[in-house]
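Q: Just entry05.cif, nothing more (mmCIF, C-alpha atoms):
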```
data_entry
#
loop_
_atom_site.label_atom_id
_atom_site.label_comp_id
_atom_site.auth_asym_id
_atom_site.auth_seq_id
_atom_site.Cartn_x
_atom_site.Cartn_y
_atom_site.Cartn_z
CA PRO A 1233 6.68 34.74 -89.10
CA THR A 1234 3.25 35.78 -87.96
CA ILE A 1235 1.21 33.97 -85.37
CA PRO A 1236 -2.45 33.60 -86.38
CA SER A 1237 -5.12 35.28 -84.29
CA PRO A 1238 -7.21 32.83 -82.32
CA LYS A 1239 -10.78 32.48 -83.58
CA LYS A 1240 -13.09 34.39 -81.32
CA SER A 1241 -15.89 32.46 -79.70
CA LYS A 1242 -19.30 34.07 -79.38
CA THR A 1243 -19.21 33.51 -75.64
CA SER A 1244 -15.56 34.04 -74.72
CA ALA A 1245 -15.52 37.77 -74.01
CA ALA A 1246 -19.15 37.97 -72.92
CA THR A 1247 -19.05 35.26 -70.27
CA ARG A 1248 -15.57 35.39 -68.76
CA ALA A 1249 -12.60 37.69 -68.58
CA LEU A 1250 -9.37 36.16 -69.77
CA PRO A 1251 -6.18 36.91 -67.86
CA PRO A 1252 -3.63 39.02 -69.70
CA PRO A 1253 -0.94 37.00 -71.47
CA PRO A 1254 2.09 36.31 -69.28
CA LYS A 1255 5.14 38.50 -69.89
CA THR A 1256 7.72 36.26 -68.25
CA PRO A 1257 8.27 32.50 -67.85
CA GLN A 1258 7.51 32.88 -64.12
CA GLU A 1259 4.15 34.55 -64.86
CA LEU A 1260 3.32 31.71 -67.28
CA TYR A 1261 4.27 29.14 -64.65
CA ASP A 1262 2.04 30.88 -62.09
CA GLN A 1263 -0.91 30.75 -64.53
CA VAL A 1264 -0.26 27.06 -65.23
CA LYS A 1265 -0.12 26.23 -61.50
CA LYS A 1266 -3.43 28.05 -60.89
CA SER A 1267 -5.16 26.34 -63.83
CA ARG A 1268 -7.57 23.58 -62.81
CA ASP A 1269 -7.33 21.53 -66.02
CA LYS A 1270 -3.94 22.77 -67.35
CA LEU A 1271 -5.48 23.15 -70.84
CA PHE A 1272 -4.17 25.96 -73.04
CA PHE A 1273 -4.26 26.95 -76.70
CA ILE A 1274 -0.76 27.53 -78.06
CA ALA A 1275 0.61 28.76 -81.38
CA TYR A 1276 3.12 26.14 -82.50
CA SER A 1277 5.12 25.58 -85.67
CA HIS A 1278 6.41 22.13 -86.55
CA SER A 1279 9.02 23.83 -88.74
CA LYS A 1280 10.58 25.40 -85.61
CA ASP A 1281 11.04 21.94 -84.05
CA PRO A 1282 14.71 20.93 -84.56
CA LEU A 1283 13.75 17.24 -84.72
CA ILE A 1284 11.55 17.99 -87.73
CA THR A 1285 13.50 20.75 -89.51
CA GLU A 1286 16.58 18.55 -89.81
CA LYS A 1287 14.56 16.20 -92.04
CA THR A 1288 12.39 18.67 -93.98
CA ASN A 1289 12.42 22.16 -95.46
CA LEU A 1290 9.11 23.30 -93.96
CA LYS A 1291 8.17 26.98 -93.95
CA THR A 1292 7.55 28.52 -90.55
CA GLU A 1293 3.78 28.46 -90.19
CA TYR A 1294 2.15 28.66 -86.80
CA GLN A 1295 -1.10 26.86 -86.05
CA TRP A 1296 -3.23 26.84 -82.92
CA TYR A 1297 -3.24 23.65 -80.85
CA LEU A 1298 -5.04 22.63 -77.68
CA VAL A 1299 -2.52 21.22 -75.20
CA ARG A 1300 -2.46 20.05 -71.60
CA ILE A 1301 0.65 20.94 -69.64
CA ASP A 1302 1.91 17.98 -67.61
CA LEU A 1303 3.77 19.53 -64.69
CA ALA A 1304 4.54 16.14 -63.10
CA THR A 1305 6.45 15.10 -66.23
CA CYS A 1306 8.08 18.53 -66.44
CA GLU A 1307 9.62 17.91 -63.01
CA GLN A 1308 11.13 14.62 -64.19
CA LEU A 1309 12.59 15.63 -67.57
CA GLU A 1310 15.93 17.40 -67.75
CA GLU A 1311 14.73 19.71 -70.58
CA THR A 1312 11.76 20.97 -68.58
CA LYS A 1313 12.86 20.86 -64.92
CA THR A 1314 13.26 24.64 -64.88
CA CYS A 1315 10.08 25.43 -66.81
CA ASP A 1316 9.34 28.30 -64.40
CA LYS A 1317 12.52 30.01 -65.64
CA THR A 1318 12.71 28.85 -69.28
CA GLY A 1319 9.05 28.63 -70.33
CA ARG A 1320 9.72 25.16 -71.81
CA TYR A 1321 7.04 22.59 -70.91
CA TYR A 1322 6.13 19.00 -71.61
CA VAL A 1323 2.67 19.11 -73.21
CA GLU A 1324 0.13 16.62 -74.51
CA PHE A 1325 -1.49 17.63 -77.80
CA TYR A 1326 -5.23 17.26 -78.30
CA THR A 1327 -6.98 16.94 -81.64
CA LYS A 1328 -10.51 17.77 -82.69
CA SER A 1329 -12.86 14.81 -83.07
CA SER A 1330 -13.17 13.66 -86.70
CA TYR A 1331 -16.95 14.24 -86.53
CA ASP A 1332 -16.34 17.80 -85.35
CA ARG A 1333 -13.93 18.36 -88.25
CA GLY A 1334 -16.76 17.27 -90.59
CA VAL A 1335 -15.06 13.97 -91.47
CA LEU A 1336 -16.64 10.52 -91.25
CA LEU A 1337 -13.79 8.03 -90.96
CA PRO A 1338 -14.23 4.64 -92.66
CA GLY A 1339 -15.85 2.14 -90.31
CA ASN A 1340 -17.30 4.78 -87.98
CA PRO A 1341 -21.08 4.94 -87.56
CA LEU A 1342 -23.05 8.00 -88.57
CA GLU A 1343 -23.43 10.54 -85.80
CA ASN A 1344 -27.05 11.60 -85.24
CA GLY A 1345 -27.94 9.95 -88.57
CA ILE A 1346 -26.18 12.68 -90.58
CA PRO A 1347 -24.64 11.28 -93.81
CA SER A 1348 -21.00 12.15 -94.54
CA SER A 1349 -22.04 14.32 -97.52
CA LYS A 1350 -23.92 16.64 -95.12
CA MET A 1351 -21.33 16.76 -92.31
CA LYS A 1352 -19.86 20.20 -91.62
CA PRO A 1353 -17.02 21.26 -89.33
CA ARG A 1354 -18.16 22.56 -85.95
CA PRO A 1355 -16.74 25.73 -84.41
CA ASP A 1356 -13.85 25.10 -81.99
CA SER A 1357 -15.98 26.23 -79.05
CA ASP A 1358 -18.57 23.50 -79.79
CA SER A 1359 -16.08 20.73 -80.57
CA ARG A 1360 -14.83 17.71 -78.67
CA TYR A 1361 -11.10 17.08 -78.37
CA TRP A 1362 -9.21 13.82 -77.85
CA LEU A 1363 -5.66 13.16 -76.75
CA GLU A 1364 -3.54 12.80 -79.89
CA TRP A 1365 -1.68 9.49 -80.13
CA HIS A 1366 1.07 8.59 -82.61
#
```
What is this file in structure tokens?
A:
Amino acid sequence: PTIPSPKKSKTSAATRALPPPPKTPQELYDQVKKSRDKLFFIAYSHSKDPLITEKTNLKTEYQWYLVRIDLATCEQLEETKTCDKTGRYYVEFYTKSSYDRGVLLPGNPLENGIPSSKMKPRPDSDSRYWLEWH
């Protein structure tokens, strides 16, 4: 399976240098510890999740997600206690605001007076993200 390339922002390379991707779980852990907000984009496939694949026959397709790594929870859960060695973390998924996806949900007011027929998705770099709840 191929992992999609992240969409390049107009400002990403011009305004800040990104660290090289970590090569080991320890390097990843060090980057997480140094991160102020613990927010990262990850390539994730629901079809690789054993809790989902047991119930469905999904193809392996990776998508990019914005997540926040919760190190305090990692320290408490058996599956993630050794995240510095395994690279397995407890994360919170964030989702793009419906307005920023170009969708006006029923019951929501217009944003900036723009009717739903004229709403367009915003680029990821200009979007707002909310904690995803299920």
Q: Give as a list in words the residues that the PyMOL selection byres ((chain A and resi 1359) around 12) matches when applied to the coordinates above.
A: Ser1241, Leu1298, Tyr1326, Thr1327, Lys1328, Ser1329, Ser1330, Tyr1331, Asp1332, Arg1333, Gly1334, Lys1352, Pro1353, Arg1354, Pro1355, Asp1356, Ser1357, Asp1358, Arg1360, Tyr1361 and Trp1362 of chain A
Q: From the set A:Cys1315, A:Ile1301, A:Lys1265, A:Phe1272, which residue has the shortest atom-to-atom contact distance to Leu1250 (chain A), counting only C-alpha atoms?
A: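 Selected residue with least distance to Leu1250 (chain A): A:Phe1272.
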Q: Using the chain letters and numbers from the file, which residues does the PyMOL selection byres ((chain A and resi 1275) around 8) grab, as a list in words?
A: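 On this input, the PyMOL selection byres ((chain A and resi 1275) around 8) captures Ile1235, Pro1236, Phe1273, Ile1274, Tyr1276, Ser1277, Tyr1294, Gln1295, Trp1296 and Tyr1297 of chain A.
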Q: Within 12 Å of (1.8, 25.8, -59.1) (coordinates as in the file), grab all the protein and nucleic acid residues, counting all atoms listed in the file, and write them out as a tab-separated table (two decimals) with C-alpha atoms, in the coordinates of the input.
A:
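The result, written out as part-v9.tsv:
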```tsv
chain	number	residue	atom	x	y	z
A	1258	GLN	CA	7.51	32.88	-64.12
A	1259	GLU	CA	4.15	34.55	-64.86
A	1260	LEU	CA	3.32	31.71	-67.28
A	1261	TYR	CA	4.27	29.14	-64.65
A	1262	ASP	CA	2.04	30.88	-62.09
A	1263	GLN	CA	-0.91	30.75	-64.53
A	1264	VAL	CA	-0.26	27.06	-65.23
A	1265	LYS	CA	-0.12	26.23	-61.50
A	1266	LYS	CA	-3.43	28.05	-60.89
A	1267	SER	CA	-5.16	26.34	-63.83
A	1268	ARG	CA	-7.57	23.58	-62.81
A	1270	LYS	CA	-3.94	22.77	-67.35
A	1301	ILE	CA	0.65	20.94	-69.64
A	1302	ASP	CA	1.91	17.98	-67.61
A	1303	LEU	CA	3.77	19.53	-64.69
A	1304	ALA	CA	4.54	16.14	-63.10
A	1307	GLU	CA	9.62	17.91	-63.01
A	1315	CYS	CA	10.08	25.43	-66.81
A	1316	ASP	CA	9.34	28.30	-64.40
```
Q: Could you check how far CA of Glu1364 (chain A) sits from CA of Asn1344 (chain A), in Å to one decimal?
A: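 Atom-to-atom, CA of Glu1364 (chain A) and CA of Asn1344 (chain A) are spaced 24.1 Å apart.
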Q: What separation in Å, quoted to one decimal, exists between CA of Val1299 (chain A) and CA of Leu1363 (chain A)?
A: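 Value for the CA of Val1299 (chain A)-CA of Leu1363 (chain A) distance: 8.8 Å.
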Q: Could you pull the residues within 7 Å of Met1351 (chain A), counting only C-alpha atoms, minus those fewer than 3 positions along the same chain, as a ChimeraX atom specification?
A: /A:1334-1335,1346-1348
